[in-house]
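One structure is given here, and the rest of the page talks about it.
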Amino acid sequence: MTTPKNILGMDIRSWKDKYPLLSILLKKKVVFWFNPKLARYEFIKDNVSVSTTQLQDAENRWLRFAPLFQHLYPETLQFEGRIQSHLKPIPKIQTKLKKFGKKSLHGNFYAKLDNELSVAGSIKARGGIYEVICIADGLLREKWQFTDNSSCLQITESKFQAFFHQYTISVGSTGNLGLSIGLIAQKLGFQTQIYMSNDAKQWKKEKLRSNGVKIVEIDGDYTKAVKVGRETAEEDPMVFFIDDEQSYDLFYGYAVAAFELKSQMDAQNIPVDQDHPLFLYLPCGVGTSPGGITYGLKTIFGDHVHCFFVEPVACPSMLLGLLTQKHHEISIEDFGISAHTEADGLACARPSKFVGKIMESLVSGIYTVDDDDLFGLLAMLWDSEQIQIEPSSAGPLLGPLHLMAAEEYSHYIRDHNLTNAMEQSTHVLWFTGGKFLPKEIWDANYTRGTHNQLYRDLT
């Protein structure tokens with residue numbers, strides 16, 4: 001892919017002069033970037049384009065629809081019908097990373113197992129399923145006079161299935177979001193249409209097709225799939241297009257995970273305060289899921305939570321948007337990077353239209369990871385904890401190590417008055433997908449990982 005001579009009115013040399021880190025990004029080198037615009041939450045909380053009222057509305061809607069999920073998906077009974085995952089301590093991982101880094105890794109490590117989420121087996125189940133619920137809820141209120149007190153179990157009746165079948169729900173996806181939306185929408189009776197890019201894994205397409213979901217294969221990347229899906233939906237009022245680049249409902253669907261994490265930490269007696277800071281490491285593609293979770297946690301813990309995103313070296317779109325403050329206006333493809341990565345769920349050349357602007361004062365930083373190392377990390381995680389993840393989930397494993405080895409780490413800790421608090425810190429590695437990987441693909445991923453040099457160094 002060639003680099004254009006002019007990008008938003010500047011030539012490539014001017015971009016590099018203005019943003020020196022860009023030269024490293026364009027070489028696809030691993031970087032760790034601390035966000036210079038990170039602000040005190042109390043000073044900016046009233047100025048973001050999302051609200052705690054809508055966040056609480058989302059939590060209430062999940063609660064209202066919990067009986068439906070208990071009915072449709074018995075595996076959700078352990079969470080009383082909620083789409084939730086376990087929080088698990090992973091001391092073996094901490095020991096291995098500490099030995100590899102040859103330095104102290106302060107605090108305690110936990111895994112948030114969204115790779116095992118019900119229905120879709122990835123973090124996308126949170127946002128995707130929530131937006132489908134919003135669509136169904138809206139139609140029921142408009143056409144059937146449903147209220148907050150109406151039983152959601154009525155949806156399973158044949159007349160409501162027939163009613164929903166008049167409508168189509170569509171989305172552009174590299175895979176996991178399409179899985180979450182396609183599987184639940186089809187279950188409720190909607191017609192479903194998923195626009196999937198070349199980056200999407202074939203097994204995900206086959207799983208959707210086997211569940212009656214229509215797949216439209218797009219000759220292009222994720223951005224092209226979203227564009228085609230969006231434009232097609234605009235021509236038909238009976239089509240609801242779920243737009244990962246612009247959807248607030250997706251954002252809030254992810255954000256309510258903060259309440260879940262807070263409850264689980266309380267149950268395990270894990271405090272979060274100035275003396276017990278919380279650090280999170282979240283894979284980032286278009287940015288809606290890590291952005292939503294970050295916002296949710298900031299509303300609960302304020303400046304006591306520190307969120308870091310991880311992107312593939314081949315696709316640092318959120319980092320580029322935040323670094324340049326151009327957000328959705330700029331794409332890594334503008335600079336000649338193809339966005340091709342084995343972390344298919346993160347293969348988004350352009351970040352969300354609104355999430356980056358919210359994150360510019362909330363996210364603590366972003367780091368990148370090499371594709372091949374993702375395989376080594378997932379193999380190491382399996383050996384240590386028998387946790388199965390896909391490549392796009394593996395980046396958080398390097399988060400604490402990269403953070404504490406970063407050149408500006410001591411400045412960050414000092415600036416946030418954490419010098420004497422890191423020994424009591426909590427680090428949550430958010431694993432985002434992998435449950436439904438076919439055995440032959442998992443075996444191939446694991447085998448590739450065992451040949452990775454980082455895997456050998458860690459084990």
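Chain labels A, B, ... are given in the sequence in which chains occur in the structure tokens; within each chain residues are numbered consecutively from 1, and ligands are likewise numbered from 1 in the order shown.
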
Find the residues near range 35-37 of chain A: any atom within 7 Å, counting only C-alpha atoms, skip ones fewer than 2 places away on the same chain, and give them as a PDB file with C-alpha atoms, in the first residue's frame.
ATOM      1  CA  TRP A  33       2.252   5.772  24.839  1.00  0.00           C
ATOM      2  CA  ALA A  39      -7.473  14.588  33.092  1.00  0.00           C
ATOM      3  CA  GLU A 360      -8.862  11.631  25.053  1.00  0.00           C
ATOM      4  CA  SER A 361      -9.281  12.659  28.690  1.00  0.00           C
ATOM      5  CA  VAL A 363      -7.674   6.594  28.887  1.00  0.00           C
ATOM      6  CA  SER A 364      -4.268   6.477  30.550  1.00  0.00           C
ATOM      7  CA  GLY A 365      -2.371   5.169  27.552  1.00  0.00           C
TER       8      GLY A 365
END

Give one line per residue of range 230-319 of chain A that approaches range 333-346 of chain A to at most 9 Å, naming the two atoms of the closest pair and their distance in Å to one decimal, counting only C-alpha atoms; sort by chain then ascending residue number and deliver it as a tab-separated table.
residue	atom	partner	partner_atom	distance
A:Pro283	CA	A:Leu346	CA	7.5
A:Cys284	CA	A:Leu346	CA	6.1
A:Gly285	CA	A:Leu346	CA	3.8
A:Val286	CA	A:Leu346	CA	7.1
A:Gly287	CA	A:Leu346	CA	8.9
A:Glu311	CA	A:Leu346	CA	7.0
A:Pro312	CA	A:Thr341	CA	7.0
A:Val313	CA	A:Thr341	CA	8.4
A:Ala314	CA	A:Ala339	CA	5.5
A:Cys315	CA	A:Ala339	CA	4.8
A:Pro316	CA	A:Ala339	CA	8.3
A:Ser317	CA	A:Ala339	CA	8.6

What is the distance between CA of Pro271 in chain A and CA of Ile389 in chain A, in Å to one decimal?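 Computing it gives 27.7 Å between the two atoms.
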
Using only C-alpha atoms for the distances, tell me which of A:Thr324, A:Ser122, A:Thr368, A:Gln54 is nearest to Ile24 in chain A.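 The answer is A:Thr368, which sits nearest to Ile24 in chain A.
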
Taking into account only C-alpha atoms, which residue in the set A:Cys134, A:Ile93, A:Leu403, A:Leu72 is nearest to Leu183 in chain A?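 Under the stated criterion, the closest residue is A:Leu72.
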
Which of range 183-287 of chain A DSSP labels helix (DSSP H, G or I), written as a VMD selection string: chain A and resid 183 to 188 202 to 210 222 to 233 248 to 255 257 to 267

Now that the selection is made, can you save its residues with N, CA and C atoms as a compact mmCIF listing (two decimals), in the first residue's frame?
# COMPACT_ATOMS: atom_id res chain seq x y z
N LEU A 183 -26.50 -14.08 16.32
CA LEU A 183 -27.04 -15.19 17.09
C LEU A 183 -28.25 -14.79 17.92
N ILE A 184 -28.20 -13.63 18.58
CA ILE A 184 -29.33 -13.24 19.41
C ILE A 184 -30.48 -12.71 18.56
N ALA A 185 -30.20 -11.96 17.50
CA ALA A 185 -31.26 -11.42 16.65
C ALA A 185 -32.05 -12.55 15.99
N GLN A 186 -31.33 -13.56 15.52
CA GLN A 186 -31.98 -14.71 14.90
C GLN A 186 -32.85 -15.45 15.92
N LYS A 187 -32.36 -15.53 17.14
CA LYS A 187 -33.10 -16.23 18.20
C LYS A 187 -34.42 -15.53 18.51
N LEU A 188 -34.43 -14.19 18.41
CA LEU A 188 -35.64 -13.43 18.72
C LEU A 188 -36.61 -13.39 17.55
N GLN A 202 -13.08 -17.49 8.49
CA GLN A 202 -14.07 -18.30 7.80
C GLN A 202 -14.94 -19.07 8.77
N TRP A 203 -14.39 -19.56 9.88
CA TRP A 203 -15.18 -20.35 10.81
C TRP A 203 -16.30 -19.52 11.45
N LYS A 204 -16.06 -18.22 11.60
CA LYS A 204 -17.10 -17.36 12.15
C LYS A 204 -18.23 -17.19 11.15
N LYS A 205 -17.88 -17.06 9.90
CA LYS A 205 -18.91 -16.98 8.85
C LYS A 205 -19.73 -18.27 8.82
N GLU A 206 -19.05 -19.39 8.91
CA GLU A 206 -19.75 -20.68 8.85
C GLU A 206 -20.66 -20.88 10.06
N LYS A 207 -20.22 -20.42 11.23
CA LYS A 207 -21.05 -20.56 12.43
C LYS A 207 -22.33 -19.74 12.29
N LEU A 208 -22.20 -18.55 11.76
CA LEU A 208 -23.36 -17.70 11.56
C LEU A 208 -24.32 -18.31 10.54
N ARG A 209 -23.77 -18.77 9.43
CA ARG A 209 -24.62 -19.38 8.39
C ARG A 209 -25.36 -20.60 8.94
N SER A 210 -24.69 -21.38 9.77
CA SER A 210 -25.32 -22.58 10.31
C SER A 210 -26.47 -22.24 11.25
N TYR A 222 -12.64 -3.92 7.26
CA TYR A 222 -13.75 -3.67 8.17
C TYR A 222 -14.47 -2.36 7.84
N THR A 223 -13.70 -1.30 7.58
CA THR A 223 -14.30 0.00 7.29
C THR A 223 -15.21 -0.08 6.06
N LYS A 224 -14.77 -0.81 5.06
CA LYS A 224 -15.58 -0.98 3.84
C LYS A 224 -16.85 -1.77 4.16
N ALA A 225 -16.75 -2.80 4.98
CA ALA A 225 -17.93 -3.60 5.34
C ALA A 225 -18.96 -2.74 6.06
N VAL A 226 -18.51 -1.90 6.98
CA VAL A 226 -19.42 -1.01 7.71
C VAL A 226 -20.07 -0.03 6.74
N LYS A 227 -19.30 0.53 5.84
CA LYS A 227 -19.81 1.52 4.89
C LYS A 227 -20.90 0.92 4.00
N VAL A 228 -20.65 -0.27 3.47
CA VAL A 228 -21.62 -0.92 2.60
C VAL A 228 -22.89 -1.26 3.37
N GLY A 229 -22.72 -1.82 4.57
CA GLY A 229 -23.87 -2.16 5.39
C GLY A 229 -24.69 -0.95 5.76
N ARG A 230 -24.03 0.14 6.13
CA ARG A 230 -24.72 1.37 6.51
C ARG A 230 -25.52 1.93 5.34
N GLU A 231 -24.89 2.00 4.17
CA GLU A 231 -25.55 2.57 3.00
C GLU A 231 -26.73 1.72 2.54
N THR A 232 -26.59 0.40 2.64
CA THR A 232 -27.68 -0.49 2.24
C THR A 232 -28.88 -0.33 3.16
N ALA A 233 -28.61 -0.20 4.46
CA ALA A 233 -29.69 -0.07 5.45
C ALA A 233 -30.44 1.24 5.29
N TYR A 248 -24.09 4.59 20.28
CA TYR A 248 -24.06 4.83 21.72
C TYR A 248 -24.65 3.64 22.48
N ASP A 249 -25.62 2.94 21.88
CA ASP A 249 -26.18 1.78 22.56
C ASP A 249 -25.13 0.69 22.75
N LEU A 250 -24.30 0.45 21.75
CA LEU A 250 -23.19 -0.49 21.92
C LEU A 250 -22.30 -0.04 23.07
N PHE A 251 -21.98 1.23 23.07
CA PHE A 251 -21.09 1.80 24.08
C PHE A 251 -21.64 1.54 25.49
N TYR A 252 -22.91 1.83 25.70
CA TYR A 252 -23.50 1.62 27.03
C TYR A 252 -23.63 0.13 27.36
N GLY A 253 -23.85 -0.69 26.34
CA GLY A 253 -23.90 -2.13 26.59
C GLY A 253 -22.60 -2.66 27.15
N TYR A 254 -21.49 -2.11 26.68
CA TYR A 254 -20.18 -2.49 27.23
C TYR A 254 -19.95 -1.83 28.59
N ALA A 255 -20.40 -0.59 28.73
CA ALA A 255 -20.08 0.19 29.93
C ALA A 255 -20.64 -0.43 31.20
N ALA A 257 -20.52 -3.28 32.16
CA ALA A 257 -19.60 -4.27 32.71
C ALA A 257 -18.87 -3.73 33.93
N ALA A 258 -18.82 -2.41 34.05
CA ALA A 258 -18.17 -1.80 35.22
C ALA A 258 -18.89 -2.16 36.51
N PHE A 259 -20.23 -2.18 36.48
CA PHE A 259 -20.99 -2.57 37.67
C PHE A 259 -20.68 -4.02 38.04
N GLU A 260 -20.57 -4.84 37.02
CA GLU A 260 -20.27 -6.26 37.22
C GLU A 260 -18.90 -6.43 37.88
N LEU A 261 -17.90 -5.75 37.33
CA LEU A 261 -16.55 -5.86 37.89
C LEU A 261 -16.51 -5.35 39.32
N LYS A 262 -17.18 -4.24 39.58
CA LYS A 262 -17.23 -3.69 40.94
C LYS A 262 -17.82 -4.71 41.91
N SER A 263 -18.91 -5.37 41.53
CA SER A 263 -19.54 -6.36 42.38
C SER A 263 -18.61 -7.55 42.65
N GLN A 264 -17.91 -7.98 41.61
CA GLN A 264 -17.01 -9.12 41.76
C GLN A 264 -15.82 -8.77 42.63
N MET A 265 -15.31 -7.56 42.50
CA MET A 265 -14.18 -7.15 43.34
C MET A 265 -14.61 -7.02 44.79
N ASP A 266 -15.80 -6.52 45.01
CA ASP A 266 -16.33 -6.44 46.38
C ASP A 266 -16.44 -7.84 46.98
N ALA A 267 -16.94 -8.79 46.17
CA ALA A 267 -17.13 -10.16 46.66
C ALA A 267 -15.80 -10.82 47.02

With distances taken over only C-alpha atoms, which of A:Leu282, A:Val428, A:Val213, A:Val132 is nearest to Gly182 in chain A? A:Val213

Of the residues A:Ala125, A:Leu63, A:Ala111, A:Val31, which is the one nearest to Pro89 in chain A, using only C-alpha atoms?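 Closest to Pro89 in chain A, using only C-alpha atoms: A:Ala111.
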
Which neighbours of Pro396 in chain A fall inside 8 Å, counting only C-alpha atoms, when residues of the same chain fewer than 4 positions from it are skipped, and could you give them as a PyMOL selection string? chain A and resi 281-283+310+429-431

From a DSSP calculation on the backbone, collect every residue of range 82-243 of chain A in strand (DSSP E) and output the set as a PDB file with N, CA and C atoms, in the first residue's frame.
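Generated file (result-v3.pdb):
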ATOM      1  N   LEU A  87     -14.244 -13.344  37.241  1.00  0.00           N
ATOM      2  CA  LEU A  87     -12.993 -12.648  37.538  1.00  0.00           C
ATOM      3  C   LEU A  87     -12.109 -13.637  38.280  1.00  0.00           C
ATOM      4  N   LYS A  88     -10.953 -13.963  37.694  1.00  0.00           N
ATOM      5  CA  LYS A  88     -10.129 -15.055  38.210  1.00  0.00           C
ATOM      6  C   LYS A  88      -8.705 -14.581  38.522  1.00  0.00           C
ATOM      7  N   PRO A  89      -8.190 -14.881  39.700  1.00  0.00           N
ATOM      8  CA  PRO A  89      -6.781 -14.564  39.987  1.00  0.00           C
ATOM      9  C   PRO A  89      -5.861 -15.431  39.141  1.00  0.00           C
ATOM     10  N   ASN A 108      -1.454  -7.459  42.336  1.00  0.00           N
ATOM     11  CA  ASN A 108      -2.054  -8.774  42.108  1.00  0.00           C
ATOM     12  C   ASN A 108      -2.743  -8.803  40.754  1.00  0.00           C
ATOM     13  N   PHE A 109      -2.601  -9.940  40.055  1.00  0.00           N
ATOM     14  CA  PHE A 109      -3.109 -10.064  38.698  1.00  0.00           C
ATOM     15  C   PHE A 109      -4.403 -10.880  38.675  1.00  0.00           C
ATOM     16  N   TYR A 110      -5.348 -10.388  37.853  1.00  0.00           N
ATOM     17  CA  TYR A 110      -6.617 -11.091  37.655  1.00  0.00           C
ATOM     18  C   TYR A 110      -6.946 -11.124  36.160  1.00  0.00           C
ATOM     19  N   ALA A 111      -7.712 -12.139  35.769  1.00  0.00           N
ATOM     20  CA  ALA A 111      -8.210 -12.240  34.395  1.00  0.00           C
ATOM     21  C   ALA A 111      -9.712 -12.024  34.394  1.00  0.00           C
ATOM     22  N   LYS A 112     -10.202 -11.161  33.514  1.00  0.00           N
ATOM     23  CA  LYS A 112     -11.646 -11.012  33.287  1.00  0.00           C
ATOM     24  C   LYS A 112     -11.970 -11.848  32.054  1.00  0.00           C
ATOM     25  N   LEU A 113     -12.753 -12.894  32.271  1.00  0.00           N
ATOM     26  CA  LEU A 113     -12.891 -13.957  31.267  1.00  0.00           C
ATOM     27  C   LEU A 113     -14.054 -13.735  30.311  1.00  0.00           C
ATOM     28  N   THR A 168     -35.206  -6.477   9.721  1.00  0.00           N
ATOM     29  CA  THR A 168     -33.860  -7.027   9.568  1.00  0.00           C
ATOM     30  C   THR A 168     -32.885  -6.237  10.428  1.00  0.00           C
ATOM     31  N   ILE A 169     -32.030  -6.946  11.119  1.00  0.00           N
ATOM     32  CA  ILE A 169     -30.928  -6.316  11.840  1.00  0.00           C
ATOM     33  C   ILE A 169     -29.639  -6.647  11.103  1.00  0.00           C
ATOM     34  N   SER A 170     -28.851  -5.620  10.812  1.00  0.00           N
ATOM     35  CA  SER A 170     -27.603  -5.837  10.082  1.00  0.00           C
ATOM     36  C   SER A 170     -26.452  -5.127  10.777  1.00  0.00           C
ATOM     37  N   VAL A 171     -25.243  -5.543  10.430  1.00  0.00           N
ATOM     38  CA  VAL A 171     -24.039  -4.964  11.028  1.00  0.00           C
ATOM     39  C   VAL A 171     -22.847  -5.267  10.136  1.00  0.00           C
ATOM     40  N   GLY A 172     -21.852  -4.400  10.163  1.00  0.00           N
ATOM     41  CA  GLY A 172     -20.572  -4.674   9.525  1.00  0.00           C
ATOM     42  C   GLY A 172     -19.612  -5.172  10.574  1.00  0.00           C
ATOM     43  N   SER A 173     -18.868  -6.256  10.276  1.00  0.00           N
ATOM     44  CA  SER A 173     -18.079  -6.881  11.343  1.00  0.00           C
ATOM     45  C   SER A 173     -16.898  -7.657  10.781  1.00  0.00           C
ATOM     46  N   GLN A 191     -34.858 -11.107  10.991  1.00  0.00           N
ATOM     47  CA  GLN A 191     -33.973 -11.473   9.906  1.00  0.00           C
ATOM     48  C   GLN A 191     -32.624 -10.804  10.190  1.00  0.00           C
ATOM     49  N   THR A 192     -31.552 -11.449   9.794  1.00  0.00           N
ATOM     50  CA  THR A 192     -30.228 -10.917  10.124  1.00  0.00           C
ATOM     51  C   THR A 192     -29.325 -10.932   8.903  1.00  0.00           C
ATOM     52  N   GLN A 193     -28.505  -9.898   8.818  1.00  0.00           N
ATOM     53  CA  GLN A 193     -27.602  -9.761   7.680  1.00  0.00           C
ATOM     54  C   GLN A 193     -26.288  -9.159   8.176  1.00  0.00           C
ATOM     55  N   ILE A 194     -25.213  -9.915   8.024  1.00  0.00           N
ATOM     56  CA  ILE A 194     -23.906  -9.476   8.527  1.00  0.00           C
ATOM     57  C   ILE A 194     -22.973  -9.214   7.349  1.00  0.00           C
ATOM     58  N   TYR A 195     -22.450  -8.006   7.268  1.00  0.00           N
ATOM     59  CA  TYR A 195     -21.474  -7.637   6.239  1.00  0.00           C
ATOM     60  C   TYR A 195     -20.090  -7.905   6.807  1.00  0.00           C
ATOM     61  N   MET A 196     -19.403  -8.864   6.228  1.00  0.00           N
ATOM     62  CA  MET A 196     -18.127  -9.301   6.793  1.00  0.00           C
ATOM     63  C   MET A 196     -16.985  -9.052   5.822  1.00  0.00           C
ATOM     64  N   LYS A 214     -27.669 -14.497   7.386  1.00  0.00           N
ATOM     65  CA  LYS A 214     -27.179 -14.213   6.035  1.00  0.00           C
ATOM     66  C   LYS A 214     -25.862 -13.452   6.106  1.00  0.00           C
ATOM     67  N   ILE A 215     -24.873 -13.940   5.388  1.00  0.00           N
ATOM     68  CA  ILE A 215     -23.557 -13.306   5.350  1.00  0.00           C
ATOM     69  C   ILE A 215     -23.355 -12.642   3.991  1.00  0.00           C
ATOM     70  N   VAL A 216     -22.972 -11.375   4.004  1.00  0.00           N
ATOM     71  CA  VAL A 216     -22.612 -10.664   2.784  1.00  0.00           C
ATOM     72  C   VAL A 216     -21.113 -10.416   2.844  1.00  0.00           C
ATOM     73  N   GLU A 217     -20.357 -11.097   2.009  1.00  0.00           N
ATOM     74  CA  GLU A 217     -18.899 -10.963   2.031  1.00  0.00           C
ATOM     75  C   GLU A 217     -18.475  -9.750   1.212  1.00  0.00           C
ATOM     76  N   VAL A 239     -34.922  -2.015   8.044  1.00  0.00           N
ATOM     77  CA  VAL A 239     -33.596  -2.521   8.421  1.00  0.00           C
ATOM     78  C   VAL A 239     -33.006  -1.641   9.517  1.00  0.00           C
ATOM     79  N   PHE A 240     -32.566  -2.278  10.592  1.00  0.00           N
ATOM     80  CA  PHE A 240     -31.838  -1.596  11.663  1.00  0.00           C
ATOM     81  C   PHE A 240     -30.362  -1.931  11.502  1.00  0.00           C
ATOM     82  N   PHE A 241     -29.549  -0.916  11.214  1.00  0.00           N
ATOM     83  CA  PHE A 241     -28.110  -1.150  11.077  1.00  0.00           C
ATOM     84  C   PHE A 241     -27.411  -0.782  12.376  1.00  0.00           C
ATOM     85  N   ILE A 242     -26.708  -1.739  12.953  1.00  0.00           N
ATOM     86  CA  ILE A 242     -25.941  -1.497  14.189  1.00  0.00           C
ATOM     87  C   ILE A 242     -24.543  -1.044  13.787  1.00  0.00           C
TER      88      ILE A 242
END
